[in-house]
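Trainee: Input file: target26.txt. Contents: compact mmCIF, C-alpha atoms and all ligand atoms.
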# COMPACT_ATOMS: atom_id res chain seq x y z
CA MET H 1 104.71 104.07 161.15
CA LEU H 2 104.11 105.99 157.95
CA SER H 3 100.92 103.99 157.25
CA ASN H 4 99.12 104.70 160.55
CA HIS H 5 96.70 107.55 159.70
CA PRO H 6 92.98 108.25 159.20
CA ILE H 7 93.16 109.87 155.73
CA ASP H 8 90.58 108.64 153.15
CA ASN H 9 92.36 108.61 149.78
CA CYS H 10 89.13 109.48 147.85
CA ALA H 11 89.99 106.94 145.14
CA HIS H 12 86.32 106.95 144.03
CA ALA H 13 86.54 110.65 143.10
CA ARG H 14 89.66 110.43 140.91
CA GLU H 15 87.67 109.46 137.82
CA ASP H 16 84.19 110.59 138.85
CA ALA H 17 83.79 114.31 138.13
CA GLY H 18 80.44 114.43 139.94
CA ALA H 19 81.84 112.85 143.09
CA LEU H 20 84.85 115.20 143.01
CA THR H 21 82.63 118.27 142.58
CA ALA H 22 80.45 117.13 145.49
CA LEU H 23 83.50 116.57 147.68
CA ARG H 24 84.89 120.02 146.87
CA ALA H 25 81.50 121.63 147.55
CA ARG H 26 81.26 119.92 150.94
CA LEU H 27 84.72 120.61 152.35
CA PRO H 28 87.27 123.46 152.17
CA GLU H 29 90.52 122.72 150.33
CA ARG H 30 94.17 122.78 151.35
CA THR H 31 97.11 122.38 148.96
CA LEU H 32 100.66 121.32 149.77
CA VAL H 33 103.49 122.66 147.62
CA VAL H 34 106.37 120.41 146.57
CA LEU H 35 109.61 121.70 145.10
CA ASP H 36 112.57 119.55 144.13
CA GLY H 37 111.41 116.78 146.49
CA ASP H 38 111.00 119.15 149.45
CA ILE H 39 107.73 120.09 151.13
CA GLY H 40 106.51 123.66 151.69
CA VAL H 41 106.46 124.72 155.35
CA THR H 42 105.46 128.02 156.93
CA ALA H 43 108.05 130.77 156.96
CA GLU H 44 107.37 131.36 160.69
CA ASP H 45 107.60 127.74 161.87
CA PRO H 46 109.56 125.21 159.77
CA THR H 47 107.91 122.28 161.61
CA LYS H 48 104.44 123.23 160.26
CA LEU H 49 103.22 122.35 156.78
CA ALA H 50 102.20 125.37 154.68
CA TYR H 51 98.72 124.84 153.26
CA MET H 52 97.78 127.08 150.34
CA GLN H 53 94.08 127.89 149.92
CA PRO H 54 92.26 129.20 146.85
CA SER H 55 91.42 132.42 148.76
CA GLN H 56 95.19 133.08 149.04
CA TRP H 57 96.04 132.06 145.50
CA SER H 58 93.26 132.03 142.92
CA ARG H 59 95.64 130.41 140.43
CA LEU H 60 95.40 127.17 142.44
CA ASN H 61 92.11 126.26 140.77
CA ASP H 62 93.74 126.23 137.33
CA LEU H 63 96.92 124.29 138.16
CA PRO H 64 97.42 120.56 137.59
CA ARG H 65 96.85 119.22 141.08
CA THR H 66 97.14 115.84 142.73
CA LEU H 67 94.34 114.65 145.03
CA LEU H 68 95.81 113.41 148.34
CA GLY H 69 92.56 112.63 150.19
CA THR H 70 90.41 113.94 153.02
CA ASP H 71 90.29 113.81 156.81
CA GLN H 72 86.58 114.85 156.62
CA GLN H 73 87.55 118.42 157.56
CA TYR H 74 89.47 119.39 154.42
CA VAL H 75 90.20 118.05 150.96
CA TYR H 76 93.99 117.87 150.49
CA TRP H 77 95.84 118.44 147.22
CA ALA H 78 99.46 118.74 146.14
CA ILE H 79 101.08 120.79 143.41
CA SER H 80 104.59 120.71 142.03
CA LEU H 81 106.06 124.20 142.00
CA GLN H 82 108.45 123.06 139.29
CA THR H 83 105.58 122.73 136.82
CA LEU H 84 105.13 126.52 137.12
CA LEU H 85 108.73 127.29 136.22
CA ALA H 86 110.31 127.51 132.81
CA ASP H 87 112.82 124.73 132.10
CA SER H 88 115.69 127.20 132.56
CA GLN H 89 114.41 128.08 136.05
CA ARG H 90 114.01 124.52 137.34
CA PRO H 91 116.38 123.12 139.96
CA HIS H 92 118.85 120.92 138.12
CA PRO H 93 117.97 117.22 138.63
CA LEU H 94 121.65 116.34 139.00
CA SER H 95 122.15 118.89 141.78
CA PRO H 96 120.02 117.51 144.64
CA SER H 97 121.30 120.13 147.07
CA THR H 98 119.58 122.87 145.07
CA ARG H 99 117.02 124.61 147.25
CA VAL H 100 114.18 126.95 146.43
CA SER H 101 115.26 129.30 143.70
CA ALA H 102 114.45 132.96 143.44
CA ALA H 103 112.22 132.12 140.50
CA ALA H 104 110.21 129.61 142.54
CA ALA H 105 109.88 132.03 145.44
CA ALA H 106 108.61 134.72 143.05
CA VAL H 107 105.78 132.44 141.88
CA LEU H 108 104.32 132.03 145.36
CA PRO H 109 101.85 134.62 146.71
CA THR H 110 103.17 134.28 150.29
CA PRO H 111 106.64 133.49 151.71
CA MET H 112 107.27 129.78 152.28
CA ALA H 113 110.26 127.63 153.20
CA PHE H 114 110.96 124.10 151.97
CA ARG H 115 112.20 121.11 153.99
CA SER H 116 112.98 117.52 153.14
CA LEU H 117 110.60 114.78 154.22
CA ARG H 118 113.40 113.22 156.31
CA GLU H 119 113.76 116.50 158.22
CA LEU H 120 109.99 116.57 158.80
CA LEU H 121 109.68 112.92 159.92
CA PRO H 122 110.02 113.64 163.66
CA CYS H 123 107.95 116.85 163.49
CA LEU H 124 104.64 115.79 161.96
CA ALA H 125 101.56 113.92 163.21
CA PRO H 126 100.74 110.67 161.33
CA SER H 127 98.07 112.29 159.10
CA GLU H 128 100.34 115.15 158.04
CA LEU H 129 103.26 112.79 157.52
CA HIS H 130 101.10 110.67 155.24
CA LEU H 131 99.95 113.70 153.23
CA ALA H 132 103.50 115.04 152.86
CA ALA H 133 104.89 111.61 151.92
CA LEU H 134 102.13 110.97 149.36
CA ALA H 135 102.62 114.44 147.87
CA ARG H 136 106.37 113.90 147.58
CA GLN H 137 106.05 110.43 146.08
CA LEU H 138 103.46 111.36 143.44
CA VAL H 139 105.20 114.59 142.45
CA HIS H 140 108.48 112.64 142.18
CA PHE H 141 106.75 110.23 139.80
CA GLN H 142 105.23 113.06 137.75
CA GLU H 143 108.46 115.03 137.52
CA ARG H 144 110.39 111.99 136.24
CA HIS H 145 107.79 111.07 133.64
CA ARG H 146 107.26 114.43 131.98
CA TYR H 147 107.87 112.82 128.59
CA CYS H 148 106.61 109.53 127.17
CA GLY H 149 109.18 106.71 127.20
CA GLN H 150 107.71 105.32 123.96
CA CYS H 151 107.41 108.38 121.71
CA ALA H 152 108.93 111.31 123.70
CA HIS H 153 105.80 113.50 123.57
CA ALA H 154 104.81 115.35 126.77
CA THR H 155 102.64 113.53 129.31
CA THR H 156 99.61 114.96 131.12
CA LEU H 157 98.12 114.23 134.54
CA ALA H 158 95.12 111.88 134.74
CA LYS H 159 93.13 110.32 137.60
CA CYS H 160 93.86 113.38 139.77
CA GLY H 161 97.63 112.81 139.51
CA PHE H 162 97.71 109.02 140.05
CA GLN H 163 98.32 108.36 136.35
CA LEU H 164 100.08 110.05 133.43
CA CYS H 165 98.93 109.83 129.81
CA CYS H 166 100.97 110.43 126.67
CA SER H 167 99.59 113.47 124.88
CA ASN H 168 100.24 111.87 121.47
CA LEU H 169 96.90 110.27 120.55
CA ASP H 170 98.64 107.82 118.19
CA CYS H 171 100.62 106.54 121.17
CA GLY H 172 98.34 106.81 124.21
CA ALA H 173 100.84 105.20 126.60
CA LEU H 174 99.84 105.24 130.28
CA PHE H 175 102.25 105.54 133.19
CA PHE H 176 101.55 104.60 136.81
CA PRO H 177 103.40 105.61 140.01
CA ARG H 178 106.47 103.44 140.39
CA LEU H 179 106.89 101.33 143.52
CA ASP H 180 110.19 99.64 144.38
CA PRO H 181 109.61 96.60 146.63
CA ALA H 182 112.38 96.01 149.14
CA ILE H 183 112.65 93.35 151.84
CA ILE H 184 113.83 94.22 155.35
CA VAL H 185 114.56 91.39 157.73
CA GLN H 186 114.98 90.58 161.42
CA VAL H 187 117.63 87.83 161.38
CA THR H 188 118.15 86.01 164.68
CA HIS H 189 120.55 83.31 165.85
CA GLY H 190 119.77 81.95 169.31
CA GLU H 191 119.24 85.02 171.50
CA ARG H 192 121.10 87.44 169.22
CA ILE H 193 119.97 89.70 166.35
CA LEU H 194 121.94 90.55 163.19
CA LEU H 195 122.30 94.28 162.45
CA GLY H 196 124.44 96.12 159.92
CA ARG H 197 125.46 99.68 159.11
CA GLN H 198 126.33 101.69 156.02
CA ALA H 199 129.34 104.00 156.09
CA SER H 200 127.13 107.04 155.39
CA TRP H 201 125.00 106.63 158.53
CA ALA H 202 125.52 108.49 161.81
CA PRO H 203 128.36 107.00 163.90
CA GLY H 204 127.20 103.96 165.88
CA ARG H 205 123.87 103.57 164.05
CA TYR H 206 122.87 100.01 163.11
CA SER H 207 119.74 98.64 161.44
CA THR H 208 118.16 95.44 160.17
CA LEU H 209 119.35 94.28 156.74
CA ALA H 210 117.38 95.39 153.67
CA GLY H 211 117.56 95.22 149.90
CA PHE H 212 115.54 95.53 146.72
CA VAL H 213 113.63 92.60 145.25
CA GLU H 214 114.93 91.56 141.82
CA PRO H 215 112.83 90.65 138.75
CA GLN H 216 111.50 87.08 138.79
CA GLU H 217 112.33 86.66 142.46
CA THR H 218 109.93 85.78 145.32
CA LEU H 219 110.08 87.87 148.49
CA GLU H 220 111.38 84.84 150.40
CA GLN H 221 114.16 84.31 147.85
CA ALA H 222 115.06 87.99 148.11
CA VAL H 223 115.39 87.68 151.92
CA ILE H 224 117.73 84.69 151.67
CA ARG H 225 119.81 86.21 148.83
CA GLU H 226 120.16 89.68 150.38
CA VAL H 227 121.24 88.43 153.81
CA HIS H 228 123.83 86.13 152.25
CA GLU H 229 125.06 88.75 149.78
CA GLU H 230 125.57 91.34 152.49
CA THR H 231 126.89 89.20 155.38
CA SER H 232 127.56 85.62 154.14
CA VAL H 233 125.01 84.41 156.73
CA TRP H 234 122.48 81.84 155.49
CA VAL H 235 118.89 82.08 156.77
CA ARG H 236 115.90 79.76 156.47
CA ASP H 237 112.12 80.00 156.72
CA PRO H 238 111.45 83.74 156.13
CA GLN H 239 108.12 84.71 157.71
CA TYR H 240 106.15 87.81 156.70
CA PHE H 241 106.03 90.47 159.45
CA GLY H 242 104.34 93.55 157.95
CA SER H 243 104.95 96.34 155.47
CA GLN H 244 105.59 100.07 155.35
CA PRO H 245 105.51 102.61 152.53
CA TRP H 246 108.91 104.33 152.45
CA PRO H 247 108.83 107.28 150.03
CA PHE H 248 112.61 107.76 149.57
CA PRO H 249 111.76 107.94 146.76
CA ALA H 250 109.31 105.10 146.07
CA SER H 251 110.05 102.03 148.20
CA LEU H 252 107.60 99.63 149.76
CA MET H 253 109.38 97.94 152.66
CA LEU H 254 108.27 94.32 153.18
CA GLY H 255 109.28 93.12 156.63
CA PHE H 256 110.28 89.52 157.39
CA THR H 257 111.74 87.51 160.23
CA ALA H 258 114.21 84.70 159.52
CA LYS H 259 116.36 82.25 161.52
CA ALA H 260 120.07 82.06 160.74
CA ILE H 261 121.54 78.62 160.07
CA SER H 262 125.11 79.97 160.08
CA SER H 263 126.65 82.72 162.20
CA ASP H 264 130.02 83.63 160.65
CA ILE H 265 129.82 87.16 159.23
CA HIS H 266 131.77 88.39 156.26
CA CYS H 267 130.63 91.65 154.60
CA ARG H 268 130.94 90.50 151.01
CA ASP H 269 129.64 93.46 149.02
CA SER H 270 130.39 97.14 149.47
CA GLU H 271 126.95 98.06 150.79
CA LEU H 272 127.62 97.44 154.48
CA GLU H 273 130.55 98.88 156.40
CA ASP H 274 129.95 96.47 159.27
CA ALA H 275 127.52 93.79 160.43
CA ARG H 276 127.47 92.00 163.75
CA TRP H 277 125.36 89.99 166.18
CA PHE H 278 123.86 91.98 169.07
CA SER H 279 122.65 90.65 172.42
CA VAL H 280 119.79 92.16 174.44
CA ARG H 281 122.34 93.67 176.83
CA GLU H 282 124.26 95.36 173.98
CA ILE H 283 121.03 96.84 172.57
CA GLU H 284 119.99 98.14 176.00
CA ALA H 285 123.38 99.71 176.66
CA ASN H 286 123.52 101.59 173.34
CA ALA H 287 119.84 102.04 172.36
CA VAL H 288 119.92 105.81 171.90
CA SER H 289 122.86 105.92 169.51
CA LEU H 290 122.33 102.52 167.94
CA LEU H 291 118.68 102.13 166.96
CA PRO H 292 116.96 103.44 163.81
CA SER H 293 114.06 105.90 163.88
CA PRO H 294 110.96 104.71 165.83
CA GLN H 295 108.90 105.53 162.71
CA SER H 296 110.74 102.89 160.68
CA ILE H 297 109.78 99.25 160.19
CA SER H 298 113.38 98.42 161.07
CA TYR H 299 112.72 99.70 164.60
CA GLN H 300 109.50 97.65 164.76
CA LEU H 301 111.40 94.51 163.75
CA ILE H 302 114.05 95.09 166.43
CA GLU H 303 111.35 95.96 168.97
CA ALA H 304 109.45 92.70 168.25
CA TRP H 305 112.64 90.68 168.82
CA TYR H 306 113.44 92.62 172.02
CA ARG H 307 109.92 92.10 173.41
CA ALA H 308 110.07 88.37 172.67
CA GLN H 309 113.37 88.15 174.53
CA THR H 310 112.60 90.37 177.53
CA HIS H 311 108.78 90.91 177.68
CA ALA H 312 109.67 94.62 178.11
CA ASP H 313 109.58 97.76 175.92
CA LEU H 314 112.64 98.76 173.94
CA PRO H 315 114.45 101.85 175.33
CA SER H 316 113.38 104.72 173.05
CA PRO H 317 116.08 106.28 170.87
CA SER H 318 116.37 109.88 169.76
CA ARG H 319 113.59 110.83 167.32
CA SER H 320 115.65 113.46 165.55
CA HIS H 321 118.01 111.39 163.45
CA HIS H 322 117.52 110.17 159.93
CA ALA H 323 115.67 106.91 159.53
CA ARG H 324 116.56 104.07 157.27
ZN ZN L 401 103.84 108.39 123.72
Please express the file's structure as structure tokens.

Mentor:
Amino acid sequence: MLSNHPIDNCAHAREDAGALTALRARLPERTLVVLDGDIGVTAEDPTKLAYMQPSQWSRLNDLPRTLLGTDQQYVYWAISLQTLLADSQRPHPLSPSTRVSAAAAAVLPTPMAFRSLRELLPCLAPSELHLAALARQLVHFQERHRYCGQCAHATTLAKCGFQLCCSNLDCGALFFPRLDPAIIVQVTHGERILLGRQASWAPGRYSTLAGFVEPQETLEQAVIREVHEETSVWVRDPQYFGSQPWPFPASLMLGFTAKAISSDIHCRDSELEDARWFSVREIEANAVSLLPSPQSISYQLIEAWYRAQTHADLPSPSRSHHAR
């Protein structure tokens, strides 16, 4: 899971200049580069993160950087390459397919490629996945809050990138990284589990149902509403299972289990292309093409149901597809 890693986030050093100086004096530094939501990887091997060091790029020490944490061997930072480009050189926010531009490449002292976090999911160890995901999520927040929502002045990084401040002293508005809570739920009826699929997913792929929590709604209410909205199935007694940060771009997945009290399925909104009840035998027969990524909480929810039914491990699916 994306939360299983040994990185210390160094929260104590974000506002304590002395502690940050001591940390930087004790350990060498590595900096990840983020561009347009993608993470810098080495030009030779696109499965390896590219770490910039001050000895390679003296300009690093002067750039606004975001403190990602330490593994007690290095201190890790992130920078947004977009902050180094003029507005006219930036990838257009409405063209998400835009990749590294010639202008961005010209800024870097060494060649580097950029890959999406989804592409890197199956390639990276838990620590590196955490660093890349945190870098992407915080840079995403910073890039979308470049100007104050109250007075439209520029914002500046504070607390080592975990906060933005309006530069207009008469305003002083503060902005914090956005998190979008979403429930994801293992719905069971007798010995069967309810899974659905979106039309955009790979053929045959199914996953547990999920949806965003609405204002003034409890997590339990969100579980009951979402399942009924998407499938017409009513559930009762949602029980908390566990959670997982999901930085696409800023979700926090809150896992639940729930028992269905009706079984007729009717996909009522346009979100799901199909939803159906699966037996243990159907899951076993189609595990490779059917199941979501093993890194996802959806997989963990299905795995917990499968173990309870069979007392055996779930057949492992391909690790190369996109996760929910
Ligand atoms: Zn302001």

Trainee: Could you tell me how far atom CA of Asp313 of chain H lies from atom CA of Ala285 of chain H, in Å and to one decimal?

Mentor: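 It comes out at 14.0 Å.
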
Trainee: Taking only C-alpha atoms and all ligand atoms into account, list the residues no farther than 7 Å from ligand ZN 401 (chain L), as a JSON list (two decimals) with C-alpha atoms, in the coordinates of the input.

Mentor:
[["chain", "number", "residue", "atom", "x", "y", "z"],
["H", 148, "CYS", "CA", 106.61, 109.53, 127.17],
["H", 149, "GLY", "CA", 109.18, 106.71, 127.20],
["H", 150, "GLN", "CA", 107.71, 105.32, 123.96],
["H", 151, "CYS", "CA", 107.41, 108.38, 121.71],
["H", 152, "ALA", "CA", 108.93, 111.31, 123.70],
["H", 153, "HIS", "CA", 105.80, 113.50, 123.57],
["H", 166, "CYS", "CA", 100.97, 110.43, 126.67],
["H", 167, "SER", "CA", 99.59, 113.47, 124.88],
["H", 168, "ASN", "CA", 100.24, 111.87, 121.47],
["H", 171, "CYS", "CA", 100.62, 106.54, 121.17],
["H", 172, "GLY", "CA", 98.34, 106.81, 124.21],
["H", 173, "ALA", "CA", 100.84, 105.20, 126.60]]

Trainee: Would you list the contacts of Thr257 of chain H as a list in words, taking every protein, DNA or RNA residue within 9 Å and counting only C-alpha atoms, but skipping same-chain residues closer than 5 positions in sequence?

Mentor: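 Near Thr257 of chain H, the qualifying residues are Ile184, Val185, Gln186, Val187, Thr188, Asp237, Pro238, Gln239, Tyr240, Phe241 and Leu301 of chain H.
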
Trainee: Which residue out of H:Pro6, H:Gly40, H:Pro245, H:Gly69 has the minimum interatomic distance to Phe162 of chain H when only C-alpha atoms are used?

Mentor: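 The closest residue to Phe162 of chain H is H:Gly69.
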
Trainee: Mind pulling up the distance from atom CA of Val235 of chain H to atom CA of Ala260 of chain H?

Mentor: 4.1 Å

Trainee: Quick check, in Å to one decimal: how far apart do atom CA of Thr47 of chain H and atom CA of Gly242 of chain H lie?

Mentor: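 So the two atoms, atom CA of Thr47 of chain H and atom CA of Gly242 of chain H, lie 29.2 Å apart.
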